[in-house]
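Enquirer: Please find coords.pdb (PDB, C-alpha atoms) on the next line:
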ATOM      1  CA  GLY G 640      -4.195 -27.924  -9.993
ATOM      2  CA  ARG G 641      -2.178 -30.699  -8.458
ATOM      3  CA  LYS G 642       1.032 -29.637 -10.187
ATOM      4  CA  VAL G 643       1.002 -26.082  -8.850
ATOM      5  CA  LEU G 644       3.195 -24.650  -6.110
ATOM      6  CA  ILE G 645       2.472 -21.193  -4.760
ATOM      7  CA  ILE G 646       5.154 -19.211  -3.007
ATOM      8  CA  SER G 647       3.916 -15.980  -1.497
ATOM      9  CA  SER G 648       4.559 -13.516   1.278
ATOM     10  CA  LEU G 649       2.306 -12.863   4.250
ATOM     11  CA  ALA G 650       4.017  -9.510   4.867
ATOM     12  CA  LYS G 651       1.634  -7.120   3.110
ATOM     13  CA  GLY G 652      -1.695  -8.881   3.411
ATOM     14  CA  PHE G 653      -1.255 -10.293   6.912
ATOM     15  CA  GLY G 654       1.482  -8.174   8.462
ATOM     16  CA  VAL G 655       3.758 -11.151   9.090
ATOM     17  CA  PRO G 656       7.278 -11.096   7.567
ATOM     18  CA  VAL G 657       7.347 -14.649   6.282
ATOM     19  CA  ALA G 658       7.006 -16.475   2.973
ATOM     20  CA  VAL G 659       4.664 -19.424   2.526
ATOM     21  CA  LEU G 660       4.872 -22.399   0.195
ATOM     22  CA  SER G 661       1.551 -24.042  -0.675
ATOM     23  CA  GLY G 662       0.789 -27.084  -2.778
ATOM     24  CA  THR G 663       0.238 -30.815  -2.615
ATOM     25  CA  ARG G 664       2.282 -32.795  -0.099
ATOM     26  CA  ARG G 665       4.104 -34.579  -2.941
ATOM     27  CA  TYR G 666       5.246 -31.340  -4.599
ATOM     28  CA  ILE G 667       6.215 -29.708  -1.317
ATOM     29  CA  GLU G 668       8.328 -32.745  -0.385
ATOM     30  CA  ASP G 669       9.936 -32.626  -3.844
ATOM     31  CA  PHE G 670      10.656 -28.920  -3.375
ATOM     32  CA  LYS G 671      12.270 -29.591   0.007
ATOM     33  CA  LYS G 672      14.553 -32.252  -1.543
ATOM     34  CA  ARG G 673      15.675 -30.079  -4.476
ATOM     35  CA  SER G 674      15.660 -26.575  -3.025
ATOM     36  CA  LYS G 675      18.617 -24.827  -1.450
ATOM     37  CA  THR G 676      16.247 -22.648   0.617
ATOM     38  CA  ARG G 677      17.114 -24.384   3.870
ATOM     39  CA  VAL G 678      20.809 -23.891   3.161
ATOM     40  CA  HIS G 679      20.585 -20.180   2.312
ATOM     41  CA  CYS G 680      17.771 -18.977   4.580
ATOM     42  CA  SER G 681      17.153 -18.972   8.296
ATOM     43  CA  PRO G 682      13.913 -20.474   9.561
ATOM     44  CA  PRO G 683      11.271 -18.047  10.841
ATOM     45  CA  SER G 684      11.341 -17.248  14.536
ATOM     46  CA  THR G 685       8.753 -18.699  16.901
ATOM     47  CA  ALA G 686       7.181 -15.245  17.190
ATOM     48  CA  VAL G 687       6.802 -15.011  13.399
ATOM     49  CA  VAL G 688       5.266 -18.505  13.220
ATOM     50  CA  HIS G 689       2.774 -17.606  15.977
ATOM     51  CA  GLY G 690       2.028 -14.323  14.200
ATOM     52  CA  ALA G 691       1.339 -16.195  10.960
ATOM     53  CA  GLU G 692      -0.944 -18.678  12.724
ATOM     54  CA  ARG G 693      -2.864 -15.825  14.350
ATOM     55  CA  ALA G 694      -3.137 -13.921  11.057
ATOM     56  CA  LEU G 695      -4.487 -17.016   9.304
ATOM     57  CA  ARG G 696      -7.063 -17.564  12.099
ATOM     58  CA  ILE G 697      -8.182 -13.945  11.854
ATOM     59  CA  ASN G 698      -8.382 -14.274   8.076
ATOM     60  CA  THR G 699     -10.573 -17.377   8.379
ATOM     61  CA  ILE G 700     -13.011 -15.595  10.703
ATOM     62  CA  HIS G 701     -12.879 -11.936   9.583
ATOM     63  CA  GLY G 702     -10.931 -11.855   6.305
ATOM     64  CA  ASP G 703     -13.842 -11.146   3.978
ATOM     65  CA  SER G 704     -15.219  -8.296   6.103
ATOM     66  CA  LEU G 705     -11.743  -6.778   6.560
ATOM     67  CA  ARG G 706     -11.111  -6.897   2.796
ATOM     68  CA  ARG G 707     -14.509  -5.257   2.148
ATOM     69  CA  LYS G 708     -13.615  -2.514   4.639
ATOM     70  CA  VAL G 709     -10.262  -1.843   2.968
ATOM     71  CA  LEU G 710     -11.896  -1.822  -0.476
ATOM     72  CA  SER G 711     -14.455   0.699   0.780
ATOM     73  CA  LEU G 712     -11.738   2.927   2.278
ATOM     74  CA  VAL G 713      -9.669   2.795  -0.918
ATOM     75  CA  GLY G 714     -12.745   3.733  -2.965
ATOM     76  CA  TYR G 715     -13.511   6.607  -0.583
ATOM     77  CA  PHE G 716      -9.889   7.845  -0.750
ATOM     78  CA  ARG G 717      -9.894   7.718  -4.547
ATOM     79  CA  ALA G 718     -13.259   9.511  -4.766
ATOM     80  CA  LEU G 719     -12.086  12.346  -2.494
ATOM     81  CA  LEU G 720      -8.876  12.760  -4.483
ATOM     82  CA  MET G 721     -10.749  12.786  -7.787
ATOM     83  CA  GLU G 722     -13.022  15.527  -6.402
ATOM     84  CA  MET G 723      -9.820  17.555  -5.997
ATOM     85  CA  GLY G 724      -8.844  16.811  -9.583
ATOM     86  CA  LEU G 725      -6.207  14.234  -8.611
ATOM     87  CA  ARG G 726      -5.921  10.760 -10.127
ATOM     88  CA  PRO G 727      -4.162   8.315  -7.840
ATOM     89  CA  HIS G 728      -2.447   5.240  -9.238
ATOM     90  CA  GLY G 729      -3.170   1.828  -7.774
ATOM     91  CA  GLY G 730      -6.690   0.881  -8.812
ATOM     92  CA  PHE G 731      -8.352  -0.696  -5.810
ATOM     93  CA  PHE G 732      -5.099  -1.992  -4.345
ATOM     94  CA  PRO G 733      -4.513  -0.648  -0.789
ATOM     95  CA  VAL G 734      -1.326   1.140  -1.880
ATOM     96  CA  GLN G 735      -2.337   4.364  -3.621
ATOM     97  CA  THR G 736       0.311   6.593  -5.195
ATOM     98  CA  LEU G 737       0.440  10.167  -6.424
ATOM     99  CA  ALA G 738       3.168  11.394  -8.752
ATOM    100  CA  PHE G 739       4.836  14.752  -8.176
ATOM    101  CA  ARG G 740       7.404  16.895  -9.909
ATOM    102  CA  GLU G 741      10.917  15.909  -8.999
ATOM    103  CA  GLY G 742      12.141  17.875  -6.005
ATOM    104  CA  ASP G 743       8.732  18.314  -4.372
ATOM    105  CA  VAL G 744       8.191  14.733  -3.219
ATOM    106  CA  VAL G 745      10.371  14.803  -0.120
ATOM    107  CA  ARG G 746       9.103  18.234   0.950
ATOM    108  CA  ILE G 747       5.461  17.196   0.527
ATOM    109  CA  HIS G 748       6.120  13.943   2.366
ATOM    110  CA  SER G 749       7.756  15.888   5.231
ATOM    111  CA  GLU G 750       4.922  18.407   5.425
ATOM    112  CA  LEU G 751       2.338  15.621   5.517
ATOM    113  CA  LEU G 752       4.344  13.852   8.226
ATOM    114  CA  SER G 753       4.438  17.063  10.289
ATOM    115  CA  ARG G 754       0.620  16.967  10.135
ATOM    116  CA  GLY G 755       0.607  13.364  11.399
ATOM    117  CA  ILE G 756       0.009  11.830   7.955
ATOM    118  CA  LYS G 757       2.434   8.996   7.255
ATOM    119  CA  THR G 758       3.284   8.277   3.624
ATOM    120  CA  VAL G 759       6.047   6.411   1.805
ATOM    121  CA  VAL G 760       8.336   8.044  -0.751
ATOM    122  CA  LEU G 761       8.791   5.891  -3.844
ATOM    123  CA  GLY G 762      11.258   6.099  -6.693
ATOM    124  CA  GLY G 763      15.002   6.148  -6.865
ATOM    125  CA  LEU G 764      17.047   7.472  -3.966
ATOM    126  CA  ARG G 765      18.292  10.376  -6.054
ATOM    127  CA  HIS G 766      14.994  10.974  -7.869
ATOM    128  CA  PRO G 767      11.947  10.221  -5.724
ATOM    129  CA  GLU G 768       8.824  10.830  -7.759
ATOM    130  CA  ARG G 769       5.806   9.397  -5.952
ATOM    131  CA  ILE G 770       4.195   9.378  -2.554
ATOM    132  CA  ALA G 771       2.314   6.266  -1.474
ATOM    133  CA  PHE G 772      -0.585   6.093   0.935
ATOM    134  CA  ILE G 773      -0.997   2.627   2.425
ATOM    135  CA  ILE G 774      -4.578   1.995   3.493
ATOM    136  CA  THR G 775      -5.269  -0.771   6.009
ATOM    137  CA  ALA G 776      -8.245  -2.197   7.877
ATOM    138  CA  LEU G 777      -7.076  -0.223  10.916
ATOM    139  CA  HIS G 778      -7.912   3.060   9.153
ATOM    140  CA  THR G 779     -11.252   4.834   9.407
ATOM    141  CA  ARG G 780     -13.118   7.143   7.043
ATOM    142  CA  ARG G 781     -11.969  10.004   9.289
ATOM    143  CA  ASP G 782      -8.335   8.955   8.736
ATOM    144  CA  ILE G 783      -8.925   9.089   4.977
ATOM    145  CA  GLU G 784     -10.493  12.545   5.290
ATOM    146  CA  ARG G 785      -7.492  13.755   7.358
ATOM    147  CA  ALA G 786      -5.061  12.498   4.712
ATOM    148  CA  VAL G 787      -6.942  14.187   1.888
ATOM    149  CA  ASP G 788      -7.318  17.396   3.911
ATOM    150  CA  GLY G 789      -3.559  17.332   4.496
ATOM    151  CA  LEU G 790      -2.993  17.081   0.765
ATOM    152  CA  ARG G 791      -5.370  20.020   0.185
ATOM    153  CA  LYS G 792      -3.206  22.110   2.503
ATOM    154  CA  VAL G 793       0.180  20.955   1.210
ATOM    155  CA  ILE G 794      -0.272  20.766  -2.563
ATOM    156  CA  PRO G 795      -1.020  24.469  -3.153
ATOM    157  CA  LEU G 796       2.243  25.315  -1.421
ATOM    158  CA  HIS G 797       4.163  23.582  -4.195
ATOM    159  CA  GLY G 798       1.974  23.506  -7.302
ATOM    160  CA  SER G 799       3.652  20.168  -7.789
ATOM    161  CA  PHE G 800       1.515  18.215 -10.152
ATOM    162  CA  SER G 801       2.075  18.352 -13.865
ATOM    163  CA  GLY G 802      -0.922  17.058 -15.800
ATOM    164  CA  ARG G 803      -4.196  15.285 -15.103
ATOM    165  CA  ARG G 804      -3.936  12.588 -17.797
ATOM    166  CA  THR G 805      -0.893  10.982 -16.249
ATOM    167  CA  GLY G 806      -2.343  10.931 -12.765
ATOM    168  CA  GLN G 807      -0.757  14.236 -11.916
ATOM    169  CA  TRP G 808      -2.317  17.657 -11.394
ATOM    170  CA  LYS G 809      -1.188  21.158 -12.288
ATOM    171  CA  HIS G 810      -2.068  23.653  -9.576
ATOM    172  CA  THR G 811      -3.724  26.662 -11.178
ATOM    173  CA  SER G 812      -5.805  28.192  -8.393
ATOM    174  CA  THR G 813      -5.843  28.709  -4.655
ATOM    175  CA  LYS G 814      -9.075  26.752  -4.260
ATOM    176  CA  TYR G 815      -7.599  24.238  -1.789
ATOM    177  CA  GLN G 816      -5.586  26.634   0.418
TER     178      GLN G 816
END
So that I can check it, write out the structure of this file as structure tokens.
Expert:
Amino acid sequence: GRKVLIISSLAKGFGVPVAVLSGTRRYIEDFKKRSKTRVHCSPPSTAVVHGAERALRINTIHGDSLRRKVLSLVGYFRALLMEMGLRPHGGFFPVQTLAFREGDVVRIHSELLSRGIKTVVLGGLRHPERIAFIITALHTRRDIERAVDGLRKVIPLHGSFSGRRTGQWKHTSTKYQ
């Protein structure tokens, strides 16, 4: 609608660390007059502006196919994990998380990293509880298979999941060693 302003980040979707304000010229001008943003924030660098312009051009030309690719990779990742008895959190969002027992998260993250599989530890600093896999259009099906294979090798070492219904898994066999 005409009375809507959208403020969003291009960081996750486009890889550019900048926020964007979208709306009608009238509402953007009104925002500029009333907002303290220009007082409290620095403007983006020239490199960031050029990065945003490039990302928007790429999105115009290839955005739909790139989103389909990511959706396909996320679906493939989820299917492989579910074959192992794991239920990742995240739906079809490119950030997929697995919950672990407290104390195992950092060790599992480190072991995956030593195998060349980069993940992100989520949760509080004192009590990390999840590992996130961030899937992008740069990944391939082989990358997904490597990540899942890494999990197959690491999880039995810890028996770190605690129940299928909550998206966690209790290790009861050596099937994946």
Enquirer: Can you list, as a VMD selection string, every protein, DNA or RNA residue that comes within 12 Å of Ile747 in chain G when you count all atoms listed in the file, leaving out same-chain residues fewer than 5 positions away?
Expert: chain G and resid 737 to 742 752 to 754 756 to 760 767 to 771 789 to 800
Enquirer: Grab the CA of Ser704 in chain G to CA of Glu784 in chain G distance for me, in Å with one decimal place.
Expert: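 Computed distance, CA of Ser704 in chain G to CA of Glu784 in chain G, equals 21.4 Å.
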Enquirer: Using all atoms listed in the file, find the one residue out of G:Leu719, G:Ala658, G:Leu695, G:Gly729 that sits nearest to Ser681 in chain G.
Expert: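 Closest to Ser681 in chain G of all the choices is G:Ala658.
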Enquirer: Do you have the CA of Leu710 in chain G-CA of Lys651 in chain G distance handy?
Expert: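 Computing it gives 15.0 Å between the two atoms.
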Enquirer: Applied to this file, what does the PyMOL selection byres ((chain G and resi 659-671) around 12) return in terms of residues, put as a VMD selection string?
Expert: chain G and resid 640 to 650 653 655 to 658 672 to 678 682 to 683 687 to 688 691 to 692 695
Enquirer: Hey, can you check how far CA of Val734 in chain G sits from CA of Thr685 in chain G?
Expert: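 Going from CA of Val734 in chain G over to CA of Thr685 in chain G covers 29.1 Å.
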Enquirer: Please work out which residues fall within 10 Å of (-7.2, -9.1, 10.2), coordinates as given in the file, with all atoms listed in the file counting, and return them as an MDAnalysis selection string.
Expert: chainID G and resid 652:654 693:706 775:777
Enquirer: Could you save those same residues with C-alpha atoms as a short mmCIF file (atom, residue, chain, number, x, y, z; two decimals), keeping the file's coordinate frame?
Expert:
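Everything below was put into selection-v2.cif:
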data_model
loop_
_atom_site.label_atom_id
_atom_site.label_comp_id
_atom_site.auth_asym_id
_atom_site.auth_seq_id
_atom_site.Cartn_x
_atom_site.Cartn_y
_atom_site.Cartn_z
CA GLY G 652 -1.70 -8.88 3.41
CA PHE G 653 -1.25 -10.29 6.91
CA GLY G 654 1.48 -8.17 8.46
CA ARG G 693 -2.86 -15.82 14.35
CA ALA G 694 -3.14 -13.92 11.06
CA LEU G 695 -4.49 -17.02 9.30
CA ARG G 696 -7.06 -17.56 12.10
CA ILE G 697 -8.18 -13.94 11.85
CA ASN G 698 -8.38 -14.27 8.08
CA THR G 699 -10.57 -17.38 8.38
CA ILE G 700 -13.01 -15.60 10.70
CA HIS G 701 -12.88 -11.94 9.58
CA GLY G 702 -10.93 -11.86 6.30
CA ASP G 703 -13.84 -11.15 3.98
CA SER G 704 -15.22 -8.30 6.10
CA LEU G 705 -11.74 -6.78 6.56
CA ARG G 706 -11.11 -6.90 2.80
CA THR G 775 -5.27 -0.77 6.01
CA ALA G 776 -8.24 -2.20 7.88
CA LEU G 777 -7.08 -0.22 10.92
#
